[in-house]
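**Q** One structure, pasted below without further comment.
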Amino acid sequence: MASIQLENVSVSFPVYNAATRSIKNRIIQSATGGQIRSDSTSQRISVVQALQDINLKLEDGDRLGLIGHNGAGKTTLLRVLGGIYEPNSGRVSVAGRTVPLFDISLGMDQESTGYENIILRGLFLGLTRREMKARMDEIADFTELGDFLDLPIRTYSAGMQMRLAFAVSTSVVPDILLLDEGIGAGDAAFLHKARERLARFTEKVSIIVLSSHSDELVRNMCSKAILMEHGQVVHAGPTEAVLERYKAMRGF
Amino acid sequence: MSSETQVGESPLLSQFRHGLRAEQIQRALRDIAAGWERRELWMTLGLHDVRQRYRRSKLGPFWITISMAVMVLALGLLYGQIFRQDLHDYLPFLAAGFVIWGLISSIVNEGCQSFIRSDGMIRQLNAPVSIYAYRMLWSNLIAFAHNVWVFFGVALWYGADLNWNLLWVPVALFVILLNGLWISLLFGLLSARFRDVPLIVGSIVQVLFFITPVIWKPEMLPGRALLLDLNPFYHLVEIMRAPMLGQPAQLEHWLAVLSILVGGWAITFFFYSAYRWRIAYWV
């Protein structure tokens, strides 16, 4: 049973620049603060309100699309769902094993062999070495890389590396999957096979949250969607309705 | 995303209040425990860190051993002359000191980088952030395992007294690593927020190398200086060096190290539960 519940979640980041990150300036600031009022800039800290009062409830079988222009807070929301960012205020309760799949080749090591990288990626996804070894044959088969798997992956083409990353990342089915712009996969011949695997993979996941700029992708994958702007949810509902609204907002 | 400028309280203070609640303290504890659970991951990452530095070289990580050996021999022969020391005595002392110093100083220096260096992973992986501190310790432990042979080589060559006191070495190593864990959590956190911290720490460590008896012996200092007793690195080095040279470490050194351990963890725990949740935002 996987579920996600957000109540009044807000996230804000103070923006640090070189000046506020240096201790020298902080010491000077605290020494002069309260006396020299004319230097008001040092008393001010820019705060970016990345998410504001987000309420969200997802249950088994939900496929949620996050829509909105750049900087609307989609990625921040995904990171909150993944437990990477803890919000400044509000409650987050997530039940189920969550896998954020923002970059499917995260952690791959160029100098290690294909086999070693399969294990490494598996460890990143939260599996043990033993569990990965059990899946090794299936993954190796799917990549069709054959003897290349014994070579360091720096010798691979970009497409081959993509195949490997794709095969490993889709071999472990989490309860909750967080996606930023879907999952890409290699050349045309491989694409068909990959699409099938992806379909089987996503079918088994209980909850998917996908952030995307592609209407097509959201329409295909998600039943529900939310439209975000300035860190707030401006519209929520069935995918089609939300996409319509987004289109109207953009003005075409 | 709206950007606004707020006048008033420093965010560090408001974050601090948010962080210092019972639930946050529990989460900090859980973070450290769950980090340990993910040891397969950080052990692999730590090993990769070591391999990365020596990859495609013929001797690989054994360069660690070789460069340490060259350093010890060169400095040993030079300073042995300068200080008019008997090499049979001086070289094993220097080798042991150097190997231990290498471990401690790189834990402190790299500890500052533990979160900064893994920024990409921290922002993409939902793993406890303590794994990056464990990872740093593990790669330093691997380097130490290569370095320590230099000491044994020198000790055997000069017939130093290796005896049952050696059993204290793993105990001392364990305590040093426990200290290393709080150091990298605390300094890693401070460094993520204030980027001058690694630079400040780096220069302090450099100075401490000369103040700590590594190339010179404590006896050479006329009268036991306060400078020596107040130097935490001296005690950390001594609990391990004494048993390597066949002597049990003196009780005062152990007491000093254990109080550093308790005090350090208390301070770290305070900061770590208050600010751990901001690390992902800072890196």
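Following the order of the structure tokens, chains are lettered A, B, ..., residues in each are numbered from 1, and ligands are numbered from 1.
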Show me which bits of chain A are within 7 Å of chain B, counting only C-alpha atoms, as a PyMOL selection string.

**A** chain A and resi 21-23+43-50+71-73+82-86+100+102+123-124+229-231

**Q** With only C-alpha atoms as the counted atoms, please give the residues lying no more than 12 Å from Arg30 (chain B), apart from itself and same-chain residues fewer than 5 positions off, as a list in words.

**A**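 Everything that qualifies: Glu23, Gln24, Ile25, Gly35, Trp36, Glu37, Ala127, Pro128, Val129, Ser130, Phe269, Tyr272, Ser273 and Arg276 of chain B.
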
**Q** Given the selection you just returned, output its residues as a file containing C-alpha atoms, formatted as a PDB file, in the first residue's frame.

**A**
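Saved as again.pdb:
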```
ATOM      1  CA  GLU B  23      11.147  14.928  15.978  1.00  0.00           C
ATOM      2  CA  GLN B  24      14.173  16.422  14.235  1.00  0.00           C
ATOM      3  CA  ILE B  25      16.511  14.958  16.821  1.00  0.00           C
ATOM      4  CA  GLY B  35      23.415   5.620   6.729  1.00  0.00           C
ATOM      5  CA  TRP B  36      25.175   2.707   8.379  1.00  0.00           C
ATOM      6  CA  GLU B  37      22.565   0.341   6.888  1.00  0.00           C
ATOM      7  CA  ALA B 127      19.519   8.369   0.835  1.00  0.00           C
ATOM      8  CA  PRO B 128      20.468   9.482   4.345  1.00  0.00           C
ATOM      9  CA  VAL B 129      23.089  12.208   4.013  1.00  0.00           C
ATOM     10  CA  SER B 130      25.331  10.548   6.579  1.00  0.00           C
ATOM     11  CA  PHE B 269      24.482  16.117  17.474  1.00  0.00           C
ATOM     12  CA  TYR B 272      23.253  17.936  12.994  1.00  0.00           C
ATOM     13  CA  SER B 273      19.706  17.718  14.277  1.00  0.00           C
ATOM     14  CA  ARG B 276      20.800  18.372   8.732  1.00  0.00           C
TER      15      ARG B 276
END
```

**Q** If you run DSSP over the backbone, which residues in region 34-201 of chain A end up strand (DSSP E or B)? Put them as a PyMOL selection string.

**A** chain A and resi 44-58+63-67+89-95+98-101+113+152+176-180

**Q** Mind checking which residues fall within 8 Å of region 82-96 of chain B, counting only C-alpha atoms, ignoring those fewer than 3 positions away in the same chain, and posting them as a ChimeraX atom specification?

**A** /B:72-73,76-79,99-100,148,150-151,154-155,158-160,214-215,241,244-245

**Q** Closest to Cys112 (chain B) among B:Gln26, B:Ser184, B:Ser139, B:Asn179, using only C-alpha atoms?

**A**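 When distances to Cys112 (chain B) are compared using only C-alpha atoms, the smallest one comes from B:Ser184.
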
**Q** Which value, in Å to one decimal, gives the distance between CA of Arg97 (chain A) and CA of Asn70 (chain A)?

**A**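 Interatomic distance, CA of Arg97 (chain A) to CA of Asn70 (chain A): 28.2 Å.
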
**Q** Give me, as a list in words, all polymer residues having an atom no more than 8 Å from Arg154 (chain A), counting only C-alpha atoms and skipping those fewer than 3 positions away in the same chain.

**A** Gln110, Glu111 and Ser157 of chain A

**Q** Can you tell me, as a list in words, what residues are no more than 12 Å from Arg53 (chain B) when counting only C-alpha atoms, ignoring any on the same chain fewer than 4 positions away?

**A**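 So the residues in contact are Glu111 of chain A; Gly46, Leu47, His48, Asp49, Ser57, Leu59, Gly60, Pro61, Phe62, Trp63, Ile64, Ser139 and Ala143 of chain B.
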
**Q** Could you turn the residues from that selection into a file that holds C-alpha atoms, as a PDB file, in the first residue's frame?

**A**
```pdb
ATOM      1  CA  GLU A 111      36.087   3.470 -15.558  1.00  0.00           C
TER       2      GLU A 111
ATOM      3  CA  GLY B  46      34.611   4.897  -1.127  1.00  0.00           C
ATOM      4  CA  LEU B  47      36.503   2.194  -2.983  1.00  0.00           C
ATOM      5  CA  HIS B  48      35.756   3.917  -6.276  1.00  0.00           C
ATOM      6  CA  ASP B  49      37.098   7.184  -4.854  1.00  0.00           C
ATOM      7  CA  SER B  57      48.341   3.483 -13.531  1.00  0.00           C
ATOM      8  CA  LEU B  59      50.715   0.118  -9.659  1.00  0.00           C
ATOM      9  CA  GLY B  60      47.304   1.529  -8.838  1.00  0.00           C
ATOM     10  CA  PRO B  61      46.678   2.293  -5.175  1.00  0.00           C
ATOM     11  CA  PHE B  62      50.123   1.030  -4.272  1.00  0.00           C
ATOM     12  CA  TRP B  63      51.292   4.479  -5.210  1.00  0.00           C
ATOM     13  CA  ILE B  64      49.835   5.476  -1.856  1.00  0.00           C
ATOM     14  CA  SER B 139      38.162   5.703   1.466  1.00  0.00           C
ATOM     15  CA  ALA B 143      44.370   4.530   2.100  1.00  0.00           C
TER      16      ALA B 143
END
```

**Q** Work out how far apart CA of Gly114 (chain A) and CA of Glu181 (chain A) are and give it in Å to one decimal.

**A**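 Interatomic distance, CA of Gly114 (chain A) to CA of Glu181 (chain A): 25.2 Å.
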
**Q** So the first atom is CA of Ala241 (chain A) and the second is CA of Glu196 (chain A); what is the distance between them in Å, to one decimal place?

**A**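 Result for CA of Ala241 (chain A) versus CA of Glu196 (chain A): 27.9 Å, one decimal.
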